[in-house]
Structures are given as C-alpha cells and as structure tokens.
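Undergrad: Starting off with a structure, shown below.
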Amino acid sequence: MTPGSPVTTDWPAPVARRSVVGTFSVPGSKSLTNRYLVLAALADDESLLRAPLRSRDTLLMAEALRSLGVRVDDVEGDSPEGADWHVVPGDLRGPANVDCGLAGTVMRFLPPVAALADGPVTFDGDPHARKRPMGPVLKALIELGVPVEDADGGPASALPFTVRGQGRVDGGRVEVDASTSSQFVSALLLAGARFSEGVTVVHTGEALPSIPHIDMTVEVLRDAGVVIEVDENDGAWSWTVEPSDIRSLDVMVEPDLSNAAPFLAAAAVTGGEVFMADWPTYTTQPGDQIRDVLERMGATCTLDREGLRVTGPQQLRGIDVDLAEASELTPVVVALCALADGESRIRGVAHIRGHETDRLAALAAEFGALGVDVSETEDGLVIRPRPADQLRGGLFRTYDDHRMAMAAAVVGLRVPGVVIENIATTGKTLPEFDRRWSALVSASAEAH
Ligand SMILES: O=C(O)C1=C[C@@H](OP(=O)(O)O)[C@@H](O)[C@H](O)C1
Ligand SMILES: C=C(OP(=O)(O)O)C(=O)O
C-alpha cells in the first residue's frame, strides 16, 4: 500500500430531502501543495508550507522527495487540517524508487528533479498510471542529455522508467508537445532554474490545455525569485527560465477550489445556499472558473472578503462551455448539466481522455447508465438531460477517479439509489470527502 492508498468501499450517496444549506471548507490545493513541495526541495534553504494538503497525491510527493534526500517533517501549525510541512533540502541522490500512485503531478514533476540527483531513480505507479501520457516530457529530458530508460534499457516513453541522474543537467532549448498535458511544461519549468543553462521550453503541439496551471507554475517560480519569461504569439508558446537560486518559501496554501466545486454544485442542484469562507479573491487556480459556470447556469455567486456564497435557482439551465482551461471541473459540470433544463455542450477537453481514467468515456457511460443521454464528441461531451425523477440509481463506477466519485455524489443528491463505487478514491485529493459531504447534507436537513 502506498501512503493514503485507498481501501475499496461502495457508498450510497446521500439524497437531499431538502435544499442543501450550510457552510463547508476544503483543505489545501493539490496543485499548489505539490508545486511548493518541489520548489522547497530545490530551494537554497529551509521552507515552511502552511496548511498543505495531505492527501494521497501530496503524501506520495512528500515521500518521493524524502527518498531523494529531502526532509519533509510535520510541524505544528494553525490549520484545522493537520500539521504544516517543514522542508529541508538535501543533496539529491539515488538509488531511489518513486511510487507515483495515479498522481499526474508526481509522475510529471519529479523526473526533471530526479535528473538533478546523483544516481538512478526508478518511477512506477498504479496500473492505470502506466497508461497516462508521459512521452513528451521524457523525450524532452532525453533531448537535454538525461538518460531515461524503460525496463529493457531503451528510451522510455511511459511508466515504469528509470531516470539516470548525473547530479547536473546542462539545460537549454527543448521542444515539447504539451497538447495532452500542461504538466509536461510545468515539470520542466519547475526544475529549470537548477539546470546549468536554465531552460527554454517551446510548445509544438496543437491546443495547449490548462493554461492557468502553467500560469500557476510561473507565478510560484517568480514568487521564489526565479526569472522567467513567457512568450505567446498566436498560439505559439514558449517559456524561458533563467538559471538561478530558488528562495526558500514561507507560504499558506490556498484551499483547493476544484475540490470545492461539488459542494457549490450541491446548492446549485437543490435550490439551496452554501458558503465557503477563505475563497481567494485572487488566484491562479482554474477551479475558480466554477463561479462563472454556475452563474451561466442560473445560480448566484457572491464573492467578497468574507468568502463565496452560492445560491441555487429553482431550475438550472443548460450551458455551452469551453473547459480547456479548467478541465478538472468537467465531471462536476457534467453532474450539473445532468440536472439542468435543456441540452449542454462541453468543449475543449479532448486531453481528459488521459486523466485518471478516460474521463469522456467514463462520464458518458456512467451518466448514461443513470438515464442521461451523454454522447462523446471529438473534444468533449453533449449532455441531454431528463427530469431527475426519470433518472435511475444504481452502482456508479468511478474507475479510481476521485472526480468521478464527486460528480456521482452531486447527482446522487437528486437521484435516489446512486451507490458510488470505491468512495475512498476521493482520498487522491480530498481526504474524508464522504464525511464532509454527509455533514453538509445532514446539516441542511436540520437547518430547515
Ligand atoms: O499542473 C497541475 O497541477 C494540473 C494540471 C492539469 O493537468 P492537465 O494539463 O494534464 O489537464 C490539471 O488537470 C491537473 O489536475 C493538475
Ligand atoms: C487530472 C487530475 O489529476 P492529476 O494531477 O493526476 O493529473 C485531476 O485532479 O483532475
């Protein structure tokens, strides 16, 4: 078992007998926690991460960095979610084995770090992790002179593989097709300041997904004193990171807005009202785009210094939305569309076929099984809903995908009998999702 590795349990999703009304909170952002961990490991001095996310993906990241010679220690902090992390960089070294679980951030962000280590570092993960796209980032490392070998000693293009770190990377210019994942770009930028010549990454593919996640990488690097230039000319993207020291961090991790999305959706689909304190008024997290989606579907969102309040309408309306920048939101948006009035279309998310599972196929199959007409397009989905009382419950398969489970919980509020397969899979990014969800739904019943 890997840290936080789930125990399989099927879970009857709670039905909202009344509108969902209440307050909730979610722990820290996965994307920010794992970026901060990597930067802290590469920094000049000790760092403090306050209110970090402790979930399977971030525990795997911390464990992997420890295996490379970095100290990541629990220290007491103010967060109700548990201890802070004190990170002490060390000389990076192999031999080491990295378990990526199913975490894109671990499997993509760490090979360039391993390239800086002295000694071989072997990477593997869950069975499905071997199917997730890795080729472009590994090819880039090989082109930069880092041997990355598969089990037969040939150049690797997927998990499992071994990075033969030589203690240094020269760096320079490299082309990467990031059309299947923005994480290839983020990975090279995060470690690039430590390459002797820095790095210039040129995106060569078609559409570039998840641009806000690359902006997030650029922003955390700049905050750590790294000089980075971004060029965008008619879809031709490149980034140049100057070689430099990385300043140590003392950071408070923002709450994870993509994980907050299902809780906001709970109010939206039941005509209720929820409030989350500490929703940031400025953020690079693409999960923030859920506010716009909810507004366009007829909900009301009010954000001020106190936090975010979402009020659901009597009936949500369908939407035509491009989620290329915020594709993590797709499963929960499908759940909203399944309970809306009229057809919806989600565009720009072809690359989520390479997420935790083929999300387009999984969403079409599982919402289809509930009685919603969902069809796949080249880059998304078309959803033709039916009134909720004509939908049927049953086992909702989750394919080890935390966001499939969260989407099922949203639709389960209105459709009796939805049983979520392996609810513990939500522990990938949101520990105790089921407890938090039940607390909100049962508090709503009491509030009326
Ligand atoms: O850099 C990150 O933290 C992430 C980038 C995105 O990946 P893709 O570009 O592969 O979609 C996103 O979907 C993922 O959940 C987190
Ligand atoms: C795509 C996701 O994760 P990962 O970081 O594993 O790519 C996600 O959390 O929706």
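Scheme for the structure tokens: letters A, B, ... for chains in order shown; per-chain residue numbers from 1; ligand numbers from 1 in order shown.
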Please check which protein, DNA or RNA residues sit within 6 Å of ligand 2, counting only C-alpha atoms and all ligand atoms, and write them as a PDB file with N, CA and C atoms, in the first residue's frame.
TA:
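What follows is the written file part_26.pdb:
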ATOM      1  N   LEU A 102      -1.397   7.447  -8.797  1.00  0.00           N
ATOM      2  CA  LEU A 102      -2.057   7.852 -10.047  1.00  0.00           C
ATOM      3  C   LEU A 102      -1.897   9.366 -10.225  1.00  0.00           C
ATOM      4  N   ALA A 103      -0.898   9.930  -9.551  1.00  0.00           N
ATOM      5  CA  ALA A 103      -0.760  11.390  -9.488  1.00  0.00           C
ATOM      6  C   ALA A 103       0.023  11.940 -10.674  1.00  0.00           C
ATOM      7  N   GLY A 104      -0.677  12.698 -11.520  1.00  0.00           N
ATOM      8  CA  GLY A 104      -0.006  13.345 -12.658  1.00  0.00           C
ATOM      9  C   GLY A 104       1.112  14.257 -12.196  1.00  0.00           C
ATOM     10  N   THR A 105       0.879  14.986 -11.105  1.00  0.00           N
ATOM     11  CA  THR A 105       1.909  15.923 -10.639  1.00  0.00           C
ATOM     12  C   THR A 105       3.171  15.186 -10.189  1.00  0.00           C
ATOM     13  N   GLU A 328     -10.309  20.032 -15.051  1.00  0.00           N
ATOM     14  CA  GLU A 328     -10.583  19.297 -13.799  1.00  0.00           C
ATOM     15  C   GLU A 328     -12.049  19.409 -13.408  1.00  0.00           C
ATOM     16  N   HIS A 355      -6.615  11.534 -18.387  1.00  0.00           N
ATOM     17  CA  HIS A 355      -6.609  11.821 -16.947  1.00  0.00           C
ATOM     18  C   HIS A 355      -6.661  10.507 -16.148  1.00  0.00           C
TER      19      HIS A 355
END
Undergrad: Given only C-alpha atoms and all ligand atoms, how would the per-residue table for chain A near ligand 1 read, listing every residue at most 8 Å away with its closest atom pair and distance in Å to one decimal, sorted by chain and number, as JSON lines?
TA:
{"residue": "A:Lys30", "atom": "CA", "partner": "ligand 1", "partner_atom_place_in_ligand_line": "3 (O)", "distance": 6.8}
{"residue": "A:Ser31", "atom": "CA", "partner": "ligand 1", "partner_atom_place_in_ligand_line": "3 (O)", "distance": 3.8}
{"residue": "A:Leu32", "atom": "CA", "partner": "ligand 1", "partner_atom_place_in_ligand_line": "3 (O)", "distance": 7.0}
{"residue": "A:Asn34", "atom": "CA", "partner": "ligand 1", "partner_atom_place_in_ligand_line": "3 (O)", "distance": 7.6}
{"residue": "A:Arg35", "atom": "CA", "partner": "ligand 1", "partner_atom_place_in_ligand_line": "3 (O)", "distance": 7.6}
{"residue": "A:Gly104", "atom": "CA", "partner": "ligand 1", "partner_atom_place_in_ligand_line": "14 (C)", "distance": 6.9}
{"residue": "A:Thr105", "atom": "CA", "partner": "ligand 1", "partner_atom_place_in_ligand_line": "3 (O)", "distance": 5.9}
{"residue": "A:Ala178", "atom": "CA", "partner": "ligand 1", "partner_atom_place_in_ligand_line": "9 (O)", "distance": 8.0}
{"residue": "A:Thr180", "atom": "CA", "partner": "ligand 1", "partner_atom_place_in_ligand_line": "10 (O)", "distance": 6.4}
{"residue": "A:Ser181", "atom": "CA", "partner": "ligand 1", "partner_atom_place_in_ligand_line": "10 (O)", "distance": 3.5}
{"residue": "A:Ser182", "atom": "CA", "partner": "ligand 1", "partner_atom_place_in_ligand_line": "9 (O)", "distance": 3.6}
{"residue": "A:Gln183", "atom": "CA", "partner": "ligand 1", "partner_atom_place_in_ligand_line": "1 (O)", "distance": 4.8}
{"residue": "A:Ser186", "atom": "CA", "partner": "ligand 1", "partner_atom_place_in_ligand_line": "1 (O)", "distance": 6.4}
{"residue": "A:Pro209", "atom": "CA", "partner": "ligand 1", "partner_atom_place_in_ligand_line": "9 (O)", "distance": 5.3}
{"residue": "A:Ser210", "atom": "CA", "partner": "ligand 1", "partner_atom_place_in_ligand_line": "9 (O)", "distance": 4.7}
{"residue": "A:Ile211", "atom": "CA", "partner": "ligand 1", "partner_atom_place_in_ligand_line": "9 (O)", "distance": 7.7}
{"residue": "A:His213", "atom": "CA", "partner": "ligand 1", "partner_atom_place_in_ligand_line": "1 (O)", "distance": 5.0}
{"residue": "A:Ile214", "atom": "CA", "partner": "ligand 1", "partner_atom_place_in_ligand_line": "1 (O)", "distance": 6.7}
{"residue": "A:Met216", "atom": "CA", "partner": "ligand 1", "partner_atom_place_in_ligand_line": "1 (O)", "distance": 8.0}
{"residue": "A:Thr217", "atom": "CA", "partner": "ligand 1", "partner_atom_place_in_ligand_line": "1 (O)", "distance": 7.6}
{"residue": "A:Ala326", "atom": "CA", "partner": "ligand 1", "partner_atom_place_in_ligand_line": "13 (O)", "distance": 7.0}
{"residue": "A:Ser327", "atom": "CA", "partner": "ligand 1", "partner_atom_place_in_ligand_line": "13 (O)", "distance": 5.7}
{"residue": "A:Glu328", "atom": "CA", "partner": "ligand 1", "partner_atom_place_in_ligand_line": "13 (O)", "distance": 4.8}
{"residue": "A:His351", "atom": "CA", "partner": "ligand 1", "partner_atom_place_in_ligand_line": "11 (O)", "distance": 6.7}
{"residue": "A:Ile352", "atom": "CA", "partner": "ligand 1", "partner_atom_place_in_ligand_line": "11 (O)", "distance": 6.3}
{"residue": "A:Gly354", "atom": "CA", "partner": "ligand 1", "partner_atom_place_in_ligand_line": "10 (O)", "distance": 7.5}
{"residue": "A:His355", "atom": "CA", "partner": "ligand 1", "partner_atom_place_in_ligand_line": "10 (O)", "distance": 6.6}
Undergrad: Write out, as a CSV table (one decimal), in the first residue's frame, the residues just selected, with C-alpha atoms.
TA:
chain,number,residue,atom,x,y,z
A,30,LYS,CA,-3.2,19.8,-4.6
A,31,SER,CA,-1.6,21.7,-7.4
A,32,LEU,CA,-0.2,24.4,-5.1
A,34,ASN,CA,2.9,19.8,-4.9
A,35,ARG,CA,4.5,22.8,-6.7
A,104,GLY,CA,0.0,13.3,-12.7
A,105,THR,CA,1.9,15.9,-10.6
A,178,ALA,CA,2.0,19.6,-24.4
A,180,THR,CA,-2.0,16.1,-23.9
A,181,SER,CA,-1.0,17.7,-20.6
A,182,SER,CA,0.2,21.1,-19.4
A,183,GLN,CA,2.1,19.3,-16.7
A,186,SER,CA,5.2,22.9,-15.6
A,209,PRO,CA,-4.7,22.8,-22.2
A,210,SER,CA,-4.8,24.0,-18.7
A,211,ILE,CA,-3.0,27.3,-19.3
A,213,HIS,CA,-2.0,25.7,-14.3
A,214,ILE,CA,1.1,26.9,-16.3
A,216,MET,CA,0.4,29.0,-11.6
A,217,THR,CA,3.8,27.4,-12.2
A,326,ALA,CA,-10.3,24.2,-16.2
A,327,SER,CA,-10.8,20.6,-17.4
A,328,GLU,CA,-10.6,19.3,-13.8
A,351,HIS,CA,-7.0,15.7,-23.3
A,352,ILE,CA,-9.0,14.4,-20.4
A,354,GLY,CA,-5.6,10.8,-20.5
A,355,HIS,CA,-6.6,11.8,-16.9
Undergrad: Can you work out the spacing between atom CA of A:Arg347 and atom CA of A:Pro127 in Å, to one decimal?
TA: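 If I compute the distance from atom CA of A:Arg347 to atom CA of A:Pro127, I get 28.5 Å.
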Undergrad: At what distance in Å, to one decimal, does atom CA of A:Thr283 lie from atom CA of A:Glu219?
TA: 10.1 Å
Undergrad: Using 9 Å as the limit and counting only C-alpha atoms, can you tabulate each residue of stretch 88-181 of chain A that touches stretch 187-195 of chain A, with its shortest atom-to-atom distance in Å and the two atoms involved, as JSON lines?
TA:
{"residue": "A:Thr105", "atom": "CA", "partner": "A:Ala187", "partner_atom": "CA", "distance": 8.2}
{"residue": "A:Arg108", "atom": "CA", "partner": "A:Ala187", "partner_atom": "CA", "distance": 5.9}
{"residue": "A:Phe109", "atom": "CA", "partner": "A:Ala187", "partner_atom": "CA", "distance": 4.2}
{"residue": "A:Leu110", "atom": "CA", "partner": "A:Ala187", "partner_atom": "CA", "distance": 7.2}
{"residue": "A:Pro111", "atom": "CA", "partner": "A:Ala187", "partner_atom": "CA", "distance": 8.0}
{"residue": "A:Pro112", "atom": "CA", "partner": "A:Ala191", "partner_atom": "CA", "distance": 6.1}
{"residue": "A:Val113", "atom": "CA", "partner": "A:Ala191", "partner_atom": "CA", "distance": 5.9}
{"residue": "A:Leu116", "atom": "CA", "partner": "A:Phe195", "partner_atom": "CA", "distance": 7.9}
{"residue": "A:Val137", "atom": "CA", "partner": "A:Leu188", "partner_atom": "CA", "distance": 7.8}
{"residue": "A:Ala140", "atom": "CA", "partner": "A:Leu188", "partner_atom": "CA", "distance": 8.6}
{"residue": "A:Leu141", "atom": "CA", "partner": "A:Leu188", "partner_atom": "CA", "distance": 8.5}
{"residue": "A:Arg168", "atom": "CA", "partner": "A:Phe195", "partner_atom": "CA", "distance": 6.9}
{"residue": "A:Val169", "atom": "CA", "partner": "A:Phe195", "partner_atom": "CA", "distance": 5.0}
{"residue": "A:Asp170", "atom": "CA", "partner": "A:Phe195", "partner_atom": "CA", "distance": 5.5}
{"residue": "A:Gly171", "atom": "CA", "partner": "A:Phe195", "partner_atom": "CA", "distance": 5.1}
{"residue": "A:Gly172", "atom": "CA", "partner": "A:Phe195", "partner_atom": "CA", "distance": 8.2}
Undergrad: Excluding same-chain residues fewer than 3 positions from A:Ser248, what lies within 7 Å of it counting only C-alpha atoms, as a ChimeraX atom specification?
TA: /A:40,43-47,224
Undergrad: Work out how far atom CA of A:Arg130 is from atom CA of A:Thr426, in Å to one decimal.
TA: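 Between these atoms lies a distance of 20.1 Å.
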Undergrad: Neighbours of A:Glu81 within 10 Å (only C-alpha atoms; same-chain residues fewer than 6 positions away dropped), as an mmCIF file with N, CA and C atoms, in the first residue's frame?
TA:
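Result file part_4.cif:
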data_model
loop_
_atom_site.group_PDB
_atom_site.id
_atom_site.type_symbol
_atom_site.label_atom_id
_atom_site.label_comp_id
_atom_site.auth_asym_id
_atom_site.auth_seq_id
_atom_site.Cartn_x
_atom_site.Cartn_y
_atom_site.Cartn_z
ATOM 1 N N VAL A 26 -12.777 23.214 2.573
ATOM 2 C CA VAL A 26 -11.992 22.137 1.956
ATOM 3 C C VAL A 26 -10.514 22.390 2.269
ATOM 4 N N PRO A 27 -9.725 21.316 2.293
ATOM 5 C CA PRO A 27 -8.294 21.502 2.558
ATOM 6 C C PRO A 27 -7.550 22.072 1.345
ATOM 7 N N GLY A 28 -6.238 22.176 1.475
ATOM 8 C CA GLY A 28 -5.398 22.921 0.532
ATOM 9 C C GLY A 28 -5.376 22.359 -0.886
ATOM 10 N N ALA A 51 -0.662 24.890 6.122
ATOM 11 C CA ALA A 51 -1.940 24.305 5.678
ATOM 12 C C ALA A 51 -1.801 23.563 4.348
ATOM 13 N N PRO A 52 -0.780 22.705 4.217
ATOM 14 C CA PRO A 52 -0.657 21.949 2.969
ATOM 15 C C PRO A 52 -1.772 20.902 2.878
ATOM 16 N N LEU A 53 -2.061 20.473 1.670
ATOM 17 C CA LEU A 53 -2.996 19.351 1.506
ATOM 18 C C LEU A 53 -2.278 18.066 1.907
ATOM 19 N N ARG A 54 -2.957 17.261 2.703
ATOM 20 C CA ARG A 54 -2.454 15.912 2.994
ATOM 21 C C ARG A 54 -3.436 14.936 2.389
ATOM 22 N N PRO A 431 -9.183 14.153 1.419
ATOM 23 C CA PRO A 431 -9.423 13.160 2.463
ATOM 24 C C PRO A 431 -10.779 13.393 3.114
#
Undergrad: Let me make sure I understand: among A:Glu366, A:Glu446, A:Glu273, A:Glu197, which one has the smallest atom-to-atom distance to A:Arg397 if we use only C-alpha atoms?
TA: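 When distances to A:Arg397 are compared using only C-alpha atoms, the smallest one comes from A:Glu366.
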Undergrad: What's around A:Lys139 at 9 Å? Count only C-alpha atoms, leave out sequence neighbours fewer than 4 positions away in its own chain, and write the answer as a list in words.
TA: Met134, Gly135, Glu143, Leu144, Val148, Pro155, Ala156, Ser157 and Val176 of chain A
Undergrad: Go ahead and dump the residues you just picked, C-alpha atoms, as an mmCIF file, in the first residue's frame.
TA:
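Saved result, part15.cif, follows:
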data_model
loop_
_atom_site.group_PDB
_atom_site.id
_atom_site.type_symbol
_atom_site.label_atom_id
_atom_site.label_comp_id
_atom_site.auth_asym_id
_atom_site.auth_seq_id
_atom_site.Cartn_x
_atom_site.Cartn_y
_atom_site.Cartn_z
ATOM 1 C CA MET A 134 4.385 10.705 -20.331
ATOM 2 C CA GLY A 135 6.192 10.563 -23.690
ATOM 3 C CA GLU A 143 16.986 15.505 -25.650
ATOM 4 C CA LEU A 144 18.500 17.525 -22.817
ATOM 5 C CA VAL A 148 15.600 7.898 -19.199
ATOM 6 C CA PRO A 155 14.490 5.255 -24.244
ATOM 7 C CA ALA A 156 11.336 5.347 -22.110
ATOM 8 C CA SER A 157 8.017 6.884 -23.124
ATOM 9 C CA VAL A 176 7.566 19.707 -26.111
#
Undergrad: Do a neighbour search on A:Gly225 at 8 Å with only C-alpha atoms, toss out local chain neighbours closer than 6 positions, and write the hits as a list in words.
TA: Asp245, Ile246 and Arg247 of chain A
Undergrad: Hey, which of A:Thr302, A:Asn259, A:Asn422, A:Ser375 ends up closest to A:Thr281? Count only C-alpha atoms.
TA: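 Answer, going by the shortest atom-to-atom distance: A:Thr302.
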Undergrad: Any idea what's packed within 10 Å of A:Gly380, counting only C-alpha atoms, ignoring anything in its chain fewer than 2 positions away? Could you give it as a PDB file with C-alpha atoms, in the first residue's frame?
TA:
ATOM      1  CA  VAL A 321     -18.887  25.862 -22.253  1.00  0.00           C
ATOM      2  CA  ASP A 322     -15.217  25.501 -23.182  1.00  0.00           C
ATOM      3  CA  LEU A 323     -13.413  23.934 -20.223  1.00  0.00           C
ATOM      4  CA  ALA A 324      -9.942  23.712 -21.840  1.00  0.00           C
ATOM      5  CA  THR A 330     -15.561  18.555 -16.240  1.00  0.00           C
ATOM      6  CA  ARG A 345     -22.192  21.017 -24.544  1.00  0.00           C
ATOM      7  CA  ILE A 346     -18.694  20.837 -23.040  1.00  0.00           C
ATOM      8  CA  ARG A 347     -15.807  21.638 -25.406  1.00  0.00           C
ATOM      9  CA  GLY A 348     -12.023  21.831 -25.344  1.00  0.00           C
ATOM     10  CA  VAL A 349     -11.318  18.799 -23.173  1.00  0.00           C
ATOM     11  CA  ALA A 350     -10.073  16.083 -25.548  1.00  0.00           C
ATOM     12  CA  HIS A 351      -6.988  15.682 -23.338  1.00  0.00           C
ATOM     13  CA  ILE A 352      -9.000  14.425 -20.357  1.00  0.00           C
ATOM     14  CA  ARG A 353      -9.046  11.038 -22.071  1.00  0.00           C
ATOM     15  CA  ARG A 359     -12.996  10.773 -18.424  1.00  0.00           C
ATOM     16  CA  LEU A 360     -15.036  11.347 -21.580  1.00  0.00           C
ATOM     17  CA  ALA A 361     -15.798   7.647 -21.930  1.00  0.00           C
ATOM     18  CA  SER A 375     -22.511  11.490 -26.152  1.00  0.00           C
ATOM     19  CA  GLU A 376     -18.818  11.991 -26.769  1.00  0.00           C
ATOM     20  CA  THR A 377     -17.607  14.491 -29.341  1.00  0.00           C
ATOM     21  CA  GLU A 378     -14.060  14.893 -30.601  1.00  0.00           C
ATOM     22  CA  VAL A 382     -23.069  16.683 -25.309  1.00  0.00           C
ATOM     23  CA  ILE A 383     -25.479  16.151 -22.415  1.00  0.00           C
TER      24      ILE A 383
END
Undergrad: Can you tell me, as a PyMOL selection string, which residues in stretch 139-316 of chain A count as alpha helix (DSSP H) by DSSP?
TA: chain A and resi 139-143+183-192+211-223+257-270+290-296
Undergrad: Which residue is closest to A:Asn97? Choose from A:Pro14, A:Pro331, A:Gly125, A:Gly77 and count only C-alpha atoms.
TA: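 Smallest distance to A:Asn97 is found for A:Gly125.
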